[in-house]
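Source file coords-v4.csv; content: CSV, C-alpha atoms.
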chain,number,residue,atom,x,y,z
A,1,MET,CA,-6.6,13.2,-2.5
A,2,PRO,CA,-9.5,10.8,-1.8
A,3,PHE,CA,-7.7,8.7,0.8
A,4,VAL,CA,-6.1,9.6,4.2
A,5,ILE,CA,-3.6,7.9,6.4
A,6,GLU,CA,-4.0,7.9,10.2
A,7,PRO,CA,-2.2,6.3,13.1
A,8,MET,CA,-3.8,3.1,14.2
A,9,THR,CA,-5.5,3.4,17.6
A,10,GLN,CA,-6.8,0.9,20.1
A,11,ASP,CA,-10.3,1.8,18.9
A,12,ASP,CA,-9.3,0.7,15.4
A,13,VAL,CA,-8.2,-2.8,16.4
A,14,GLN,CA,-11.5,-4.6,16.0
A,15,GLU,CA,-12.0,-3.2,12.5
A,16,VAL,CA,-8.4,-3.8,11.5
A,17,SER,CA,-8.8,-7.5,12.6
A,18,GLN,CA,-11.8,-7.8,10.4
A,19,VAL,CA,-9.9,-6.3,7.4
A,20,GLU,CA,-6.9,-8.6,8.1
A,21,ARG,CA,-9.1,-11.7,8.1
A,22,ARG,CA,-10.2,-10.8,4.6
A,23,CYS,CA,-6.5,-10.2,3.5
A,24,PHE,CA,-4.6,-13.1,5.0
A,25,THR,CA,-5.2,-16.8,5.9
A,26,ASN,CA,-3.1,-16.5,9.1
A,27,PRO,CA,-4.1,-13.2,10.7
A,28,TRP,CA,-2.7,-11.9,13.9
A,29,PRO,CA,-4.9,-12.0,17.0
A,30,SER,CA,-6.4,-8.7,18.2
A,31,SER,CA,-4.3,-9.0,21.3
A,32,ALA,CA,-1.1,-8.7,19.2
A,33,TYR,CA,-2.2,-5.4,17.8
A,34,ARG,CA,-3.2,-4.1,21.2
A,35,ARG,CA,0.2,-5.0,22.5
A,36,GLU,CA,2.1,-3.5,19.6
A,37,LEU,CA,0.2,-0.2,19.9
A,38,ARG,CA,1.3,0.2,23.5
A,39,ASP,CA,4.9,0.7,22.5
A,40,THR,CA,4.9,3.7,20.1
A,41,GLU,CA,8.6,4.3,20.6
A,42,HIS,CA,9.5,1.1,18.7
A,43,ASN,CA,6.3,0.3,16.8
A,44,TYR,CA,4.4,2.3,14.1
A,45,TYR,CA,1.0,1.2,12.9
A,46,ILE,CA,-1.3,3.1,10.4
A,47,VAL,CA,-4.6,2.7,8.6
A,48,VAL,CA,-5.8,4.1,5.3
A,49,ARG,CA,-9.4,5.3,4.9
A,50,TRP,CA,-11.5,6.7,2.1
A,51,ARG,CA,-11.9,10.4,2.4
A,52,PRO,CA,-15.4,11.6,1.5
A,53,PRO,CA,-15.4,14.7,-0.7
A,54,HIS,CA,-16.0,18.2,0.8
A,55,THR,CA,-15.3,17.1,4.4
A,56,GLY,CA,-13.7,20.5,5.2
A,57,VAL,CA,-10.8,18.7,6.9
A,58,PRO,CA,-7.5,20.3,5.7
A,59,ASP,CA,-4.4,18.4,4.9
A,60,GLU,CA,-1.7,18.6,7.6
A,61,ARG,CA,1.8,18.3,6.2
A,62,PRO,CA,4.6,17.8,8.7
A,63,ARG,CA,7.3,20.5,8.6
A,64,GLY,CA,10.5,20.0,6.7
A,65,GLY,CA,9.0,18.8,3.5
A,66,LEU,CA,9.7,15.1,4.2
A,67,HIS,CA,6.2,13.8,3.6
A,68,LEU,CA,5.0,14.8,0.2
A,69,LEU,CA,1.7,12.9,0.7
A,70,PRO,CA,-1.0,14.2,3.0
A,71,PHE,CA,-1.0,12.8,6.6
A,72,VAL,CA,-4.3,13.7,8.1
A,73,ARG,CA,-5.6,13.2,11.7
A,74,ARG,CA,-9.3,13.3,12.0
A,75,ALA,CA,-11.4,14.5,14.9
A,76,ASP,CA,-14.6,13.3,13.3
A,77,PRO,CA,-15.9,10.4,15.4
A,78,ALA,CA,-18.0,9.1,12.4
A,79,LYS,CA,-14.9,7.9,10.5
A,80,PRO,CA,-15.1,6.2,7.1
A,81,PRO,CA,-14.2,2.5,7.0
A,82,ILE,CA,-10.7,1.3,7.1
A,83,LEU,CA,-9.5,0.1,3.6
A,84,GLY,CA,-6.1,-1.1,4.6
A,85,PHE,CA,-3.4,-1.0,7.3
A,86,GLY,CA,0.3,-1.4,7.8
A,87,GLY,CA,2.8,-1.9,10.6
A,88,MET,CA,6.5,-1.5,11.3
A,89,TRP,CA,9.1,-2.1,14.0
A,90,ASN,CA,11.9,0.4,14.7
A,91,MET,CA,15.1,-0.7,16.4
A,92,LEU,CA,18.3,1.4,16.4
A,93,ASP,CA,19.1,2.2,12.7
A,94,GLU,CA,16.8,-0.4,11.2
A,95,ALA,CA,13.0,-0.5,10.5
A,96,HIS,CA,11.2,-3.7,9.7
A,97,ILE,CA,7.9,-3.7,7.9
A,98,THR,CA,5.7,-6.4,9.6
A,99,THR,CA,2.5,-6.2,7.6
A,100,ILE,CA,0.6,-4.4,4.8
A,101,GLY,CA,-3.0,-5.4,4.1
A,102,VAL,CA,-5.6,-3.9,1.7
A,103,LEU,CA,-9.2,-5.1,1.3
A,104,PRO,CA,-9.4,-7.3,-1.8
A,105,GLU,CA,-12.0,-5.0,-3.5
A,106,GLN,CA,-9.7,-2.0,-3.0
A,107,ARG,CA,-6.5,-3.5,-4.5
A,108,GLY,CA,-5.2,-2.0,-7.7
A,109,ARG,CA,-5.7,1.6,-6.4
A,110,SER,CA,-2.1,2.0,-5.0
A,111,LEU,CA,-3.3,1.9,-1.4
A,112,GLY,CA,-0.6,-0.7,-0.5
A,113,GLU,CA,2.0,1.6,-2.1
A,114,LEU,CA,0.6,4.6,-0.1
A,115,LEU,CA,1.0,2.6,3.2
A,116,PHE,CA,4.4,1.4,2.1
A,117,VAL,CA,5.7,4.9,1.3
A,118,THR,CA,4.3,6.3,4.5
A,119,MET,CA,6.2,3.8,6.6
A,120,ILE,CA,9.4,4.5,4.7
A,121,ASP,CA,8.9,8.2,5.4
A,122,GLU,CA,8.4,7.4,9.1
A,123,ALA,CA,11.5,5.3,9.1
A,124,ILE,CA,13.5,8.2,7.7
A,125,ARG,CA,11.9,10.6,10.3
A,126,ARG,CA,13.1,8.2,13.0
A,127,ARG,CA,16.6,8.2,11.5
A,128,SER,CA,16.5,4.5,10.4
A,129,ARG,CA,19.2,3.8,7.9
A,130,TRP,CA,17.5,0.7,6.4
A,131,VAL,CA,14.1,-0.8,6.0
A,132,THR,CA,13.7,-4.6,5.8
A,133,LEU,CA,10.7,-6.9,5.1
A,134,GLU,CA,9.7,-10.4,4.2
A,135,VAL,CA,7.5,-11.2,1.2
A,136,ARG,CA,6.1,-14.4,-0.2
A,137,VAL,CA,8.1,-15.8,-3.1
A,138,SER,CA,4.9,-16.1,-5.1
A,139,ASN,CA,3.7,-12.5,-4.5
A,140,ALA,CA,4.8,-11.0,-7.8
A,141,SER,CA,3.0,-7.7,-7.4
A,142,ALA,CA,4.5,-7.0,-4.0
A,143,LEU,CA,8.0,-7.9,-5.3
A,144,ALA,CA,7.6,-5.5,-8.2
A,145,LEU,CA,6.5,-2.7,-5.9
A,146,TYR,CA,9.4,-3.2,-3.5
A,147,GLU,CA,12.0,-3.5,-6.3
A,148,LYS,CA,10.6,-0.3,-7.8
A,149,TYR,CA,11.6,1.4,-4.6
A,150,GLY,CA,15.1,0.0,-4.8
A,151,PHE,CA,14.7,-3.0,-2.4
A,152,THR,CA,16.8,-6.0,-3.2
A,153,ARG,CA,16.6,-9.7,-2.3
A,154,GLN,CA,19.1,-10.5,0.4
A,155,GLY,CA,18.2,-14.0,1.5
A,156,LEU,CA,15.5,-16.6,1.8
A,157,ARG,CA,13.5,-17.8,4.8
A,158,LYS,CA,12.5,-21.4,4.1
A,159,ARG,CA,8.9,-22.3,4.9
A,160,TYR,CA,8.4,-18.9,6.6
A,161,TYR,CA,4.6,-18.8,6.2
A,162,SER,CA,2.7,-21.2,8.5
A,163,ASP,CA,-0.4,-21.4,6.4
A,164,ASN,CA,1.2,-23.2,3.4
A,165,GLY,CA,4.9,-23.5,4.2
A,166,GLU,CA,5.8,-21.0,1.5
A,167,ASP,CA,9.3,-19.4,1.5
A,168,ALA,CA,9.9,-15.7,2.0
A,169,HIS,CA,12.3,-13.4,0.3
A,170,ILE,CA,14.2,-11.2,2.7
A,171,MET,CA,14.4,-7.7,1.2
A,172,TRP,CA,16.4,-4.7,2.2
A,173,SER,CA,16.1,-1.1,1.1
A,174,PRO,CA,18.9,1.1,-0.2
A,175,ALA,CA,20.5,3.3,2.5
A,176,LEU,CA,17.9,5.9,3.5
A,177,ASN,CA,20.5,8.5,4.4
A,178,GLU,CA,22.0,8.8,1.0
A,179,SER,CA,21.0,11.5,-1.5
A,180,PRO,CA,20.3,9.2,-4.5
A,181,THR,CA,17.8,7.2,-2.4
A,182,LEU,CA,16.1,10.4,-1.1
A,183,GLU,CA,15.9,11.8,-4.7
A,184,SER,CA,14.4,8.6,-6.0
A,185,LEU,CA,11.9,8.5,-3.2
A,186,ALA,CA,10.8,12.1,-3.9
A,187,GLY,CA,10.1,11.3,-7.5
A,188,LEU,CA,8.2,8.1,-6.7
A,189,ARG,CA,6.1,9.9,-4.0
A,190,ALA,CA,5.2,12.6,-6.4
A,191,THR,CA,4.1,10.1,-9.1
A,192,LEU,CA,2.1,8.2,-6.5
A,193,GLY,CA,0.4,11.4,-5.3
A,194,LEU,CA,-0.8,12.2,-8.8
A,195,ARG,CA,-2.1,8.7,-9.3
A,196,LEU,CA,-4.0,8.7,-6.1
A,197,ALA,CA,-5.5,12.1,-6.8
A,198,ARG,CA,-7.2,10.6,-9.9
A,199,TRP,CA,-9.5,8.5,-7.7
A,200,HIS,CA,-12.8,9.9,-6.5
A,201,ASP,CA,-16.4,9.1,-5.5
A,202,SER,CA,-16.8,6.2,-2.9
A,203,PRO,CA,-14.6,3.4,-1.8
A,204,ASN,CA,-16.9,0.9,-3.5
A,205,GLY,CA,-17.4,2.9,-6.7
A,206,ALA,CA,-14.2,4.9,-7.1
A,207,VAL,CA,-13.3,5.6,-10.7
A,208,ARG,CA,-10.5,7.3,-12.4
A,209,SER,CA,-10.9,11.0,-13.3
A,210,PRO,CA,-10.6,11.9,-17.0
Here is the file; what I need is its structure written in the form of structure tokens.
Amino acid sequence: MPFVIEPMTQDDVQEVSQVERRCFTNPWPSSAYRRELRDTEHNYYIVVRWRPPHTGVPDERPRGGLHLLPFVRRADPAKPPILGFGGMWNMLDEAHITTIGVLPEQRGRSLGELLFVTMIDEAIRRRSRWVTLEVRVSNASALALYEKYGFTRQGLRKRYYSDNGEDAHIMWSPALNESPTLESLAGLRATLGLRLARWHDSPNGAVRSP
């Protein structure tokens, strides 16, 4: 697969902030990410990078078969650029996705879905029963993605977004500890993995394989 997911580190914060400013009109301050990263028990933040071909870095798959997508930690200090990022809070049996952002020129390559699925997998690993999130009422593509994974609209936060006063849908996942949910996730992950594997070359010139 030409993309890799890594845990966000303090060293990534400056670049993540640059990416976020290109994604959102009301980005978090860098200090917020630095604070979030200090509490790994309750917070989970990740980045996605392009993976150059022939790096010689093997995929590391966690035991138990839960994660069907590669999760790679790199020792290489010359890391490729960050293409997107995501974050989540974990409290008791609930996980709350706080942010997902992908560079505008990288959208349409399923990187947001990759980040989203990785966070769902981590919520399951942490024994969360539910995942929740807010999404702009106008964000049709995000709504379609979340609904594909079984999320349903459970409420509305009026004027939730400070940049333009837009409302947000409150969405909840199906129960993550039930067999039908896990079976559906397995199928969606497999399809996503095949789709991502068709991308190659560089992050600025990736094309679909025949």
Exercise. In Å to one decimal, how far is CA of Arg159 in chain A from CA of Arg129 in chain A?
Worked result: 28.2 Å
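The spacing separating CA of Leu145 in chain A from CA of Gly112 in chain A amounts to 9.1 Å.
In this model, the gap between CA of Pro174 in chain A and CA of Thr99 in chain A comes to 19.6 Å.
Using all atoms listed in the file for every distance, the candidate list A:Arg49, A:Lys148, A:Arg126, A:Arg153 yields A:Arg49 as the residue closest to Val19 in chain A.
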For this session: Please write as number ranges by chain the list of polymer residues whose atoms come within 10 Å of (17.1, 4.7, 19.6), counting all atoms listed in the file and keeping to the coordinates of the file.
Result: A: 41-42, 90-94, 126-128
What would the file look like if the residues just selected were written as a compact mmCIF listing (two decimals), in the frame of the given file with C-alpha atoms?
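Okay, this is what ended up in selection_23.txt:
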# COMPACT_ATOMS: atom_id res chain seq x y z
CA GLU A 41 8.60 4.30 20.60
CA HIS A 42 9.50 1.10 18.70
CA ASN A 90 11.90 0.40 14.70
CA MET A 91 15.10 -0.70 16.40
CA LEU A 92 18.30 1.40 16.40
CA ASP A 93 19.10 2.20 12.70
CA GLU A 94 16.80 -0.40 11.20
CA ARG A 126 13.10 8.20 13.00
CA ARG A 127 16.60 8.20 11.50
CA SER A 128 16.50 4.50 10.40
Problem set entry | Of the listed residues A:Ile124, A:Gly187, A:Val16, A:Arg136, that which approaches Asn164 in chain A most closely, counting all atoms listed in the file | A:Arg136
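Among A:Leu114, A:Ala78, A:Leu185, A:Leu37, the residue with the shortest atom-to-atom distance to Pro2 in chain A, counting all atoms listed in the file, is A:Leu114.
Using all atoms listed in the file, the smallest distance between any of A:Asp12, A:Glu183, A:Glu113, A:Asp39 and Ala142 in chain A comes from A:Glu113.
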For this session: Within 12 Å of Thr40 in chain A, counting all atoms listed in the file, which residues show up once you throw out same-chain ones fewer than 6 positions away? Write them as a PyMOL selection string, please.
Result: chain A and resi 7-9+33-34+46+87-91+126
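Look at everything within 8 Å of (7.3, -21.8, -1.2) using only C-alpha atoms, and the residues you get are Arg136, Val137, Ser138, Lys158, Arg159, Asn164, Gly165, Glu166, Asp167 and Ala168 of chain A.
Counting all atoms listed in the file and comparing A:Leu103, A:Glu36, A:Tyr45, A:Arg51, the residue that lies closest to Arg21 in chain A is A:Leu103.
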For this session: Within 10 Å of Val102 in chain A, counting all atoms listed in the file, which residues show up once you throw out same-chain ones fewer than 4 positions away? Write them as a PyMOL selection string, please.
Result: chain A and resi 19-20+22-24+47-48+82-86+106-112+115
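Compared by their closest atoms to Trp172 in chain A, and using only C-alpha atoms, the residues A:Ala95, A:Pro104, A:Ala186, A:Ala123 rank with A:Ala95 nearest.
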